[in-house]
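Novice: Have a look at this one.
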Protein chains: 2
Amino acid sequence: MRCEIVAIGTELLLGTVVDTNSSWIGEQLALAGIDNLFQVKVGDNFGRMESTIRQALERSDAVICCGGLGPTQDDITREVIAKVMGVELRRDQAIADEIRRRFKIRGRTMSANNLRQADIPVGARPIPQMPGTAPGLVCPIGEKVIYAVPGVPREMKEMVLGTVIPDLAKRSGQAAVIRSRTIRTWGLSESGIDEMLTERMAELDKLGNPTIAFNASGIEGIKVRVTAKCPDEETALRVLDNEERIIRSILTDAVFGLDDESMELVVLNMLDKRGMTVAAAEPVTGGILASRMSAIDTEFRTFRGAIVSPDLIPRSGPGIAGEVRAADLAKKVADLNQTDVGLACIAPDGTEGQPPGTVFLGLSIRGAAQGERVVLPGNRAMMREYAVINLLNFLRKSLAA
Amino acid sequence: MRCEIVAIGTELLLGTVVDTNSSWIGEQLALAGIDNLFQVKVGDNFGRMESTIRQALERSDAVICCGGLGPTQDDITREVIAKVMGVELRRDQAIADEIRRRFKIRGRTMSANNLRQADIPVGARPIPQMPGTAPGLVCPIGEKVIYAVPGVPREMKEMVLGTVIPDLAKRSGQAAVIRSRTIRTWGLSESGIDEMLTERMAELDKLGNPTIAFNASGIEGIKVRVTAKCPDEETALRVLDNEERIIRSILTDAVFGLDDESMELVVLNMLDKRGMTVAAAEPVTGGILASRMSAIDTEFRTFRGAIVSPDLIPRSGPGIAGEVRAADLAKKVADLNQTDVGLACIAPDGTEGQPPGTVFLGLSIRGAAQGERVVLPGNRAMMREYAVINLLNFLRKSLAA
């Protein structure tokens, strides 16, 4: 089963908008075991769109067209697909009513243009997911198929996951339901995880289902993705639950979360569950930890804040080891902010002769403070990001212990 | 003159890496007045790469191939281009020596594989810019041309700006030198800038050179790009200097910087020049301002830090207007940090009945404090980013006044 992606929009060629949609769809296709050999970007031009879609349909079994479904005169994906199908456009009254209804709900005036979005090629069917006002389309052509989805990422994603991928799976004669789960880890190397999972992967190779793939995502850690192909949703979830349990038992506390859970979200949830609050001293990380925590905890209920100013941060005397100074500072920042937990990251004090990238992490939980020395890779910007995630991971592991 | 972009690499199709290279090259082509009608992503596969490049060469005058120039067996762009050109690969001894030299300088051991990078199609010439170990190539085919550049963004950019765009300009019979400058603004709307520049743009339309384009880039502000096509570098720079002067005289203090200058860089430079230091209170912006300032001023020499914790921030009594509270806080945070300048952003106190998105900005310069009320668009994450840039812009305008 081969599926090609055609991203439509002159703004993509001009570089005004980076085409992240195709990358995302490519990832979903790979996850679902569907081959994607080409991705093409083309401007809002009838002739070039037509030839691009025709070529894609020739060399692949399915084509996903992304973009050009809006209400303006530029948006001609519907027209081009109708031409390729050799059919007319016809107004779908149910969709037209739905579009009217949505404008009404949002209290916005609908211009007549918007009803163009209800004009669909004869033989096409609308995609049931419709998070915006642009309906997506499934357009069969003989044994093959063209999908049309909007360029708005949120709308596109809902349609691709809800209809396109399942439809492709069905067409490819695969099991009806494909579900995946990402198990997120921190602290292990990709080759380390590979080694630890070798045996399990060999077993899965024999079973054929589920499958496992890795993805090293820098400061997001290494992701282990489990994909299950099953006859129904319930079975798929059971397979994923079981595999997650097995992988957790192998990778133990390197696993910090699932899917879109960030390290800071996981840590905030753990603190909430324990009724604990936290504050940080950020003379090295410069406010990055605070900005990430407060992006989630916008009311500063659990994350009570941070002190970034080096001059406002209590200093330990000279000659004290970095780990001890970091632990002290963590305790002091917790005291100052009256929180249960204090976090701190400091640099070597210049007398320690440490290799570049060395920082000391301090953690204080209800008065019990500890320090840790880490050597971080990359340039200064990278190093700061790594320091933040290491510091949060230090807290996570201590809370979980 | 039409130029097509072919991005090479299976990782691009799988979504492991987002193809930002094509977007960037597309932008440069647009700036240089060269049409780019298609961008294609293809995996590391000989047959598919060959057919993609052949098709691109058929429908365009030039093709930029990006990626696949590395030393591993996957990297077959050189071989594919030789096939399309109908020639052999031959080792270029000068390049081979250069590659050896670079490894030696960096103290790295060179594997034999790396010399594959010196094998270039007969008739091709290496691109003189070579920031890494992969040489780029200019490969003429009759009247047309294929350029090969590495997928590493930094290396690619240097080659595209240094050789590809000038070579394309020469081939298109355009003037030899194309140079552009981005004038960065904050505080005006795109339509506002459009209106203010209408007259000047009409004049330039008649002159034909330089040209002006806009680009609204969210929290980066609205960018006005001036592009000059001239017989030589010196003339181009003179044209750009002159146009910059004219645009600055029209947009006045909405202009905050040029090219890659961020708002925080501009503000830090202004403070440095005046021998002033700054600190911030971030109960709303949550450390974003601090993380951006300290990313540049890593030693906290000018930006002395921030307090994020709402509980550690001095409060004004109830019933005091938001602007006054923000100004007070700015003064207090400067006092606490012993800085010349204090910045603060606070939320309405709940009794003020303000519309969503309202925040108060406070600025204190050597004891003289002022406050400002702004209503910011977007969701909370956007709002925080806009608050930071508005706060920095508040300071910038006060310093410039």
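Convention: chains lettered A, B, ... in structure tokens order; per-chain residue numbering from 1; ligands numbered from 1 as shown.
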Within 8 Å of chain A, which residues of chain B show up when using only C-alpha atoms, listed as a PyMOL selection string?

Specialist: chain B and resi 12-20+22-27+29-30+36-43+215+279+285-291+294-295+300+304-312+337+381

Novice: Extract, using only C-alpha atoms, all DNA, RNA and protein residues at most 7 Å from region 67-78 of chain B, discarding same-chain residues fewer than 6 positions from it, and format them as a ChimeraX atom specification.

Specialist: /B:7-9,44,113-114,116-117,120-121,134,149-151

Novice: Taking N, CA, C and O atoms for each residue, export the selection above as a CSV table (one decimal), in the first residue's frame.

Specialist:
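The result, written out as part37.csv:
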chain,number,residue,atom,x,y,z
B,7,ALA,N,14.2,17.8,-1.9
B,7,ALA,CA,14.8,17.5,-0.6
B,7,ALA,C,14.9,16.0,-0.5
B,7,ALA,O,14.0,15.2,-0.7
B,8,ILE,N,16.1,15.5,-0.2
B,8,ILE,CA,16.4,14.1,-0.2
B,8,ILE,C,16.7,13.5,1.2
B,8,ILE,O,17.5,14.1,1.9
B,9,GLY,N,16.0,12.4,1.5
B,9,GLY,CA,16.3,11.8,2.8
B,9,GLY,C,15.0,11.1,3.3
B,9,GLY,O,14.0,11.7,3.4
B,44,ASP,N,16.0,8.1,0.3
B,44,ASP,CA,17.3,7.8,-0.3
B,44,ASP,C,17.2,6.5,-1.1
B,44,ASP,O,17.7,5.5,-0.8
B,113,ASN,N,35.6,6.1,4.1
B,113,ASN,CA,34.3,6.6,3.6
B,113,ASN,C,34.2,8.0,3.2
B,113,ASN,O,33.6,8.4,2.3
B,114,ASN,N,34.8,8.9,4.1
B,114,ASN,CA,34.7,10.3,3.9
B,114,ASN,C,35.2,10.8,2.5
B,114,ASN,O,34.8,11.8,2.0
B,116,ARG,N,34.7,9.5,-0.2
B,116,ARG,CA,33.6,9.4,-1.2
B,116,ARG,C,33.0,10.8,-1.5
B,116,ARG,O,32.6,11.0,-2.6
B,117,GLN,N,33.1,11.7,-0.5
B,117,GLN,CA,32.6,13.0,-0.7
B,117,GLN,C,33.4,13.8,-1.8
B,117,GLN,O,33.0,14.8,-2.2
B,120,ILE,N,33.2,13.4,-7.6
B,120,ILE,CA,32.2,14.3,-8.2
B,120,ILE,C,32.0,14.0,-9.7
B,120,ILE,O,32.8,13.5,-10.3
B,121,PRO,N,30.7,14.3,-10.2
B,121,PRO,CA,30.5,14.0,-11.6
B,121,PRO,C,31.4,14.8,-12.5
B,121,PRO,O,31.7,15.9,-12.2
B,134,ALA,N,31.3,18.1,3.6
B,134,ALA,CA,30.6,17.8,2.3
B,134,ALA,C,30.6,18.9,1.3
B,134,ALA,O,30.1,20.0,1.6
B,149,VAL,N,23.5,20.6,-2.6
B,149,VAL,CA,23.9,21.1,-1.3
B,149,VAL,C,23.6,20.2,-0.2
B,149,VAL,O,22.7,19.4,-0.3
B,150,PRO,N,24.4,20.2,0.9
B,150,PRO,CA,24.2,19.3,2.0
B,150,PRO,C,22.8,19.6,2.7
B,150,PRO,O,22.3,20.7,2.6
B,151,GLY,N,22.4,18.6,3.5
B,151,GLY,CA,21.1,18.8,4.2
B,151,GLY,C,21.3,19.5,5.6
B,151,GLY,O,20.4,19.9,6.2

Novice: Tell me, which residues of region 264-396 of chain A carry DSSP strand (DSSP E or B), written as a count of residues only?

Specialist: 31

Novice: What does the structure give for the distance between CA of Pro140 (chain A) and CA of Ser172 (chain A), in Å to one decimal?

Specialist: 14.2 Å

Novice: I'd like the interatomic distance between CA of Ile320 (chain A) and CA of Pro355 (chain A), to a tenth of an Å.

Specialist: 17.8 Å

Novice: If you count only C-alpha atoms, which residues fall within 9 Å of Phe394 (chain A), apart from same-chain ones fewer than 6 positions away, as a PyMOL selection string?

Specialist: chain A and resi 361-363+372
